[in-house]
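To be precise, the following lines are final.txt, and they hold compact mmCIF, N, CA and C atoms.
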```txt
# COMPACT_ATOMS: atom_id res chain seq x y z
N MET A 1 -16.40 58.64 -17.28
CA MET A 1 -15.21 59.46 -17.35
C MET A 1 -13.99 58.56 -17.23
N ARG A 2 -12.95 58.93 -17.95
CA ARG A 2 -11.70 58.17 -17.91
C ARG A 2 -10.53 59.09 -17.61
N VAL A 3 -9.60 58.59 -16.83
CA VAL A 3 -8.36 59.30 -16.54
C VAL A 3 -7.23 58.41 -17.01
N ASN A 4 -6.46 58.88 -17.96
CA ASN A 4 -5.36 58.13 -18.58
C ASN A 4 -5.85 56.78 -19.12
N GLY A 5 -7.05 56.77 -19.68
CA GLY A 5 -7.60 55.56 -20.28
C GLY A 5 -8.30 54.63 -19.32
N ALA A 6 -8.17 54.83 -18.02
CA ALA A 6 -8.80 53.96 -17.03
C ALA A 6 -10.13 54.58 -16.58
N ARG A 7 -11.17 53.78 -16.59
CA ARG A 7 -12.48 54.25 -16.18
C ARG A 7 -12.49 54.48 -14.67
N ILE A 8 -13.03 55.62 -14.25
CA ILE A 8 -13.09 55.93 -12.82
C ILE A 8 -14.54 55.95 -12.37
N SER A 9 -14.77 55.59 -11.11
CA SER A 9 -16.12 55.57 -10.58
C SER A 9 -16.30 56.61 -9.49
N LYS A 10 -15.21 57.14 -8.95
CA LYS A 10 -15.28 58.14 -7.89
C LYS A 10 -14.84 59.50 -8.41
N ALA A 11 -15.56 60.52 -8.02
CA ALA A 11 -15.19 61.87 -8.42
C ALA A 11 -14.02 62.40 -7.61
N SER A 12 -13.64 61.71 -6.57
CA SER A 12 -12.58 62.18 -5.68
C SER A 12 -11.18 61.77 -6.16
N ARG A 13 -11.05 61.36 -7.38
CA ARG A 13 -9.76 60.96 -7.93
C ARG A 13 -8.82 62.16 -8.02
N ASN A 14 -7.60 62.03 -7.52
CA ASN A 14 -6.62 63.11 -7.59
C ASN A 14 -6.05 63.18 -9.00
N LEU A 15 -5.86 64.38 -9.48
CA LEU A 15 -5.28 64.61 -10.80
C LEU A 15 -3.88 65.17 -10.66
N HIS A 16 -3.07 64.94 -11.68
CA HIS A 16 -1.71 65.43 -11.72
C HIS A 16 -1.47 66.05 -13.10
N PRO A 17 -0.56 67.01 -13.19
CA PRO A 17 -0.23 67.55 -14.51
C PRO A 17 0.22 66.43 -15.45
N GLY A 18 -0.30 66.46 -16.67
CA GLY A 18 0.02 65.43 -17.65
C GLY A 18 -1.07 64.37 -17.79
N ASP A 19 -2.04 64.33 -16.87
CA ASP A 19 -3.14 63.37 -16.96
C ASP A 19 -4.04 63.72 -18.15
N ILE A 20 -4.55 62.69 -18.80
CA ILE A 20 -5.46 62.85 -19.93
C ILE A 20 -6.87 62.48 -19.46
N LEU A 21 -7.82 63.40 -19.62
CA LEU A 21 -9.21 63.16 -19.24
C LEU A 21 -10.05 62.96 -20.49
N THR A 22 -10.90 61.95 -20.46
CA THR A 22 -11.82 61.67 -21.55
C THR A 22 -13.22 61.60 -20.95
N PHE A 23 -14.15 62.42 -21.48
CA PHE A 23 -15.51 62.44 -20.94
C PHE A 23 -16.49 62.90 -22.01
N PRO A 24 -17.74 62.45 -21.88
CA PRO A 24 -18.76 62.89 -22.84
C PRO A 24 -19.25 64.30 -22.50
N LEU A 25 -19.49 65.08 -23.53
CA LEU A 25 -20.06 66.41 -23.37
C LEU A 25 -21.06 66.61 -24.50
N GLY A 26 -22.33 66.39 -24.17
CA GLY A 26 -23.35 66.42 -25.21
C GLY A 26 -23.16 65.24 -26.14
N PRO A 27 -23.24 65.47 -27.45
CA PRO A 27 -23.06 64.37 -28.39
C PRO A 27 -21.60 64.06 -28.72
N HIS A 28 -20.68 64.79 -28.12
CA HIS A 28 -19.26 64.65 -28.45
C HIS A 28 -18.49 64.05 -27.28
N ILE A 29 -17.31 63.53 -27.56
CA ILE A 29 -16.38 63.03 -26.55
C ILE A 29 -15.24 64.04 -26.47
N ARG A 30 -15.00 64.58 -25.28
CA ARG A 30 -13.93 65.55 -25.08
C ARG A 30 -12.69 64.84 -24.56
N VAL A 31 -11.53 65.25 -25.05
CA VAL A 31 -10.25 64.74 -24.58
C VAL A 31 -9.39 65.95 -24.25
N ILE A 32 -9.01 66.06 -22.97
CA ILE A 32 -8.18 67.19 -22.56
C ILE A 32 -7.00 66.69 -21.75
N GLU A 33 -5.95 67.49 -21.72
CA GLU A 33 -4.76 67.17 -20.93
C GLU A 33 -4.62 68.21 -19.82
N VAL A 34 -4.39 67.76 -18.61
CA VAL A 34 -4.19 68.66 -17.48
C VAL A 34 -2.78 69.23 -17.59
N VAL A 35 -2.67 70.55 -17.70
CA VAL A 35 -1.37 71.21 -17.82
C VAL A 35 -0.84 71.58 -16.45
N ALA A 36 -1.71 72.12 -15.61
CA ALA A 36 -1.31 72.53 -14.26
C ALA A 36 -2.55 72.46 -13.37
N LEU A 37 -2.33 72.47 -12.07
CA LEU A 37 -3.43 72.47 -11.12
C LEU A 37 -3.59 73.87 -10.55
N GLY A 38 -4.84 74.29 -10.38
CA GLY A 38 -5.11 75.60 -9.82
C GLY A 38 -4.89 75.62 -8.32
N LEU A 39 -4.46 76.75 -7.83
CA LEU A 39 -4.24 76.90 -6.40
C LEU A 39 -5.48 77.43 -5.69
N ARG A 40 -6.38 78.05 -6.47
CA ARG A 40 -7.60 78.61 -5.91
C ARG A 40 -8.71 78.49 -6.93
N ARG A 41 -9.92 78.72 -6.46
CA ARG A 41 -11.06 78.74 -7.36
C ARG A 41 -11.09 80.13 -7.98
N GLY A 42 -11.01 80.19 -9.30
CA GLY A 42 -10.92 81.49 -9.94
C GLY A 42 -11.82 81.60 -11.15
N PRO A 43 -11.63 82.62 -11.94
CA PRO A 43 -12.48 82.84 -13.12
C PRO A 43 -12.21 81.82 -14.22
N ALA A 44 -13.15 81.72 -15.15
CA ALA A 44 -13.04 80.75 -16.24
C ALA A 44 -11.82 81.01 -17.11
N SER A 45 -11.48 82.27 -17.31
CA SER A 45 -10.32 82.59 -18.14
C SER A 45 -9.03 82.03 -17.53
N GLU A 46 -8.96 82.03 -16.22
CA GLU A 46 -7.79 81.45 -15.54
C GLU A 46 -7.82 79.92 -15.62
N ALA A 47 -9.01 79.34 -15.50
CA ALA A 47 -9.14 77.89 -15.55
C ALA A 47 -8.78 77.35 -16.94
N GLN A 48 -9.04 78.12 -17.99
CA GLN A 48 -8.73 77.67 -19.34
C GLN A 48 -7.24 77.56 -19.59
N THR A 49 -6.43 78.19 -18.78
CA THR A 49 -4.97 78.08 -18.93
C THR A 49 -4.43 76.82 -18.27
N LEU A 50 -5.28 76.11 -17.51
CA LEU A 50 -4.83 74.94 -16.76
C LEU A 50 -4.99 73.64 -17.53
N TYR A 51 -5.60 73.67 -18.71
CA TYR A 51 -5.77 72.46 -19.51
C TYR A 51 -5.57 72.76 -20.98
N ARG A 52 -5.34 71.69 -21.76
CA ARG A 52 -5.17 71.82 -23.20
C ARG A 52 -6.13 70.86 -23.87
N ASP A 53 -6.89 71.37 -24.83
CA ASP A 53 -7.86 70.57 -25.56
C ASP A 53 -7.13 69.77 -26.63
N LEU A 54 -7.25 68.45 -26.60
CA LEU A 54 -6.55 67.59 -27.55
C LEU A 54 -7.42 67.22 -28.75
N GLU A 55 -8.65 67.73 -28.80
CA GLU A 55 -9.53 67.45 -29.93
C GLU A 55 -9.16 68.37 -31.09
N PRO A 56 -9.20 67.85 -32.31
CA PRO A 56 -8.94 68.72 -33.45
C PRO A 56 -10.10 69.71 -33.62
N PRO A 57 -9.85 70.90 -34.14
CA PRO A 57 -10.94 71.86 -34.33
C PRO A 57 -11.94 71.35 -35.36
N ALA A 58 -13.19 71.74 -35.21
CA ALA A 58 -14.24 71.31 -36.13
C ALA A 58 -13.99 71.93 -37.50
N PRO A 59 -14.24 71.19 -38.58
CA PRO A 59 -14.08 71.76 -39.92
C PRO A 59 -14.99 72.98 -40.08
N SER A 60 -14.49 73.99 -40.79
CA SER A 60 -15.24 75.23 -40.91
C SER A 60 -16.47 75.09 -41.79
N GLY A 61 -16.56 74.05 -42.60
CA GLY A 61 -17.70 73.86 -43.48
C GLY A 61 -18.93 73.32 -42.78
N GLN A 62 -18.78 72.77 -41.58
CA GLN A 62 -19.91 72.19 -40.88
C GLN A 62 -20.57 73.24 -39.99
N PRO A 63 -21.91 73.27 -40.00
CA PRO A 63 -22.60 74.23 -39.12
C PRO A 63 -22.50 73.80 -37.67
N LYS A 64 -22.63 74.74 -36.77
CA LYS A 64 -22.64 74.43 -35.35
C LYS A 64 -23.93 73.70 -35.01
N THR A 65 -23.86 72.85 -33.99
CA THR A 65 -25.03 72.06 -33.61
C THR A 65 -25.85 72.84 -32.60
N THR A 66 -26.83 73.57 -33.12
CA THR A 66 -27.76 74.29 -32.26
C THR A 66 -29.16 74.12 -32.81
N GLY A 67 -30.14 74.31 -31.97
CA GLY A 67 -31.52 74.26 -32.43
C GLY A 67 -31.97 72.87 -32.78
N GLU A 68 -32.80 72.77 -33.83
CA GLU A 68 -33.38 71.49 -34.20
C GLU A 68 -32.34 70.50 -34.71
N ALA A 69 -31.28 71.00 -35.32
CA ALA A 69 -30.25 70.08 -35.81
C ALA A 69 -29.57 69.36 -34.65
N ALA A 70 -29.47 70.02 -33.52
CA ALA A 70 -28.83 69.42 -32.36
C ALA A 70 -29.73 68.38 -31.71
N THR A 71 -31.05 68.55 -31.80
CA THR A 71 -31.96 67.61 -31.15
C THR A 71 -32.15 66.36 -31.97
N GLY A 72 -31.86 66.42 -33.27
CA GLY A 72 -31.99 65.24 -34.10
C GLY A 72 -33.41 64.93 -34.53
N ARG A 73 -34.31 65.89 -34.43
CA ARG A 73 -35.68 65.66 -34.87
C ARG A 73 -36.11 66.80 -35.76
N THR A 74 -37.07 66.53 -36.60
CA THR A 74 -37.54 67.54 -37.53
C THR A 74 -38.73 68.29 -36.95
N THR A 75 -39.06 69.40 -37.57
CA THR A 75 -40.18 70.21 -37.11
C THR A 75 -41.48 69.43 -37.24
N GLY A 76 -42.33 69.52 -36.24
CA GLY A 76 -43.61 68.85 -36.29
C GLY A 76 -43.62 67.48 -35.64
N THR A 77 -42.50 67.02 -35.15
CA THR A 77 -42.45 65.73 -34.48
C THR A 77 -42.22 65.95 -33.00
N GLY A 78 -42.57 64.97 -32.23
CA GLY A 78 -42.35 65.09 -30.80
C GLY A 78 -43.47 65.85 -30.12
N ARG A 79 -43.20 66.39 -29.00
CA ARG A 79 -44.18 67.07 -28.19
C ARG A 79 -44.57 68.41 -28.81
N PRO A 80 -45.86 68.77 -28.82
CA PRO A 80 -46.25 70.06 -29.41
C PRO A 80 -45.83 71.23 -28.53
N THR A 81 -45.63 72.35 -29.17
CA THR A 81 -45.32 73.56 -28.42
C THR A 81 -46.60 74.08 -27.79
N LYS A 82 -46.46 75.07 -26.92
CA LYS A 82 -47.64 75.64 -26.28
C LYS A 82 -48.58 76.26 -27.32
N ARG A 83 -48.03 76.90 -28.32
CA ARG A 83 -48.84 77.50 -29.39
C ARG A 83 -49.60 76.43 -30.16
N GLU A 84 -48.90 75.34 -30.52
CA GLU A 84 -49.56 74.25 -31.25
C GLU A 84 -50.66 73.61 -30.41
N ARG A 85 -50.43 73.48 -29.11
CA ARG A 85 -51.44 72.89 -28.24
C ARG A 85 -52.67 73.78 -28.18
N ARG A 86 -52.50 75.08 -28.07
CA ARG A 86 -53.63 76.01 -28.05
C ARG A 86 -54.40 75.96 -29.36
N GLN A 87 -53.70 75.85 -30.49
CA GLN A 87 -54.36 75.75 -31.78
C GLN A 87 -55.18 74.47 -31.87
N THR A 88 -54.67 73.38 -31.33
CA THR A 88 -55.39 72.11 -31.34
C THR A 88 -56.65 72.19 -30.48
N VAL A 89 -56.53 72.80 -29.30
CA VAL A 89 -57.69 72.94 -28.42
C VAL A 89 -58.75 73.81 -29.08
N ALA A 90 -58.34 74.92 -29.69
CA ALA A 90 -59.30 75.80 -30.37
C ALA A 90 -59.96 75.08 -31.54
N TRP A 91 -59.23 74.29 -32.27
CA TRP A 91 -59.78 73.54 -33.40
C TRP A 91 -60.81 72.52 -32.92
N LYS A 92 -60.51 71.82 -31.82
CA LYS A 92 -61.44 70.82 -31.28
C LYS A 92 -62.71 71.47 -30.76
N GLU A 93 -62.59 72.65 -30.14
CA GLU A 93 -63.77 73.34 -29.60
C GLU A 93 -64.66 73.88 -30.71
N ASN A 94 -64.07 74.34 -31.80
CA ASN A 94 -64.84 74.94 -32.89
C ASN A 94 -65.27 73.91 -33.94
N GLY A 95 -64.70 72.77 -33.97
CA GLY A 95 -64.99 71.84 -35.06
C GLY A 95 -65.68 70.66 -34.60
```
If you convert what's in this file into structure tokens, what do you get?
Amino acid sequence: MRVNGARISKASRNLHPGDILTFPLGPHIRVIEVVALGLRRGPASEAQTLYRDLEPPAPSGQPKTTGEAATGRTTGTGRPTKRERRQTVAWKENG
């Protein structure tokens, strides 16, 4: 995580309005600006008013990254599902 471009190692770093935070979130890098500090712990809708997202919006032509596209692997690779494992066990017992 970075605050105003400087890498931080402690989570106890104090923030001030105008600070720029850079951090990884999944496969993407998020960049946000602190607009104000909250006075209390509140709902997410209130927290969203305390920062501004500096990332450009994703192009509308690209699909959202969910499911197999997000994992980066194709069907049939990696660890078998429970159903595939049961099919393999049944095949070995009968064949």
Next on the checklist: Just want the 8 Å neighbourhood of Thr49 in chain A, counted on only N, CA and C atoms, with same-chain residues fewer than 2 positions away dropped. Output as a ChimeraX atom specification.
Outcome noted: /A:34-37,44-47,51-52
Item to check | Point-to-point distance in Å for CA of Gly18 in chain A and atom N of Glu33 in chain A | outcome: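 Between atom N of Glu33 in chain A and CA of Gly18 in chain A the gap works out to 7.5 Å.
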Checklist entry - Which distance in Å separates atom N of Ser9 in chain A and atom C of Pro56 in chain A, to one decimal? => result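 If I compute the distance from atom N of Ser9 in chain A to atom C of Pro56 in chain A, I get 27.0 Å.
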Next on the checklist: Could you tell me how far CA of Ala6 in chain A sits from CA of Leu21 in chain A, in Å to one decimal place?
Outcome noted: 9.5 Å
Checklist entry - Skipping near chain neighbours, those fewer than 3 positions away, what residues fall within 7 Å of Glu55 in chain A using only N, CA and C atoms, listed as a list in words? => result Arg30, Val31, Ile32, Arg52 and Ala58 of chain A
Calculate, to one decimal in Å, the centre and edge lengths of the box along x, y and z of the file that holds all listed atoms of range 81-88 of chain A with 6 Å of margin on each side, and present them as JSON.
```
{"center_x": -51.0, "center_y": 74.8, "center_z": -29.1, "size_x": 23.3, "size_y": 17.4, "size_z": 17.6}
```
Checklist entry - Got a sec: who's within 10 Å of Phe23 in chain A, counting only C-alpha atoms, leaving out chain neighbours fewer than 3 positions off, as a VMD selection string? => result chain A and resid 1 to 3 7 26 28 to 32
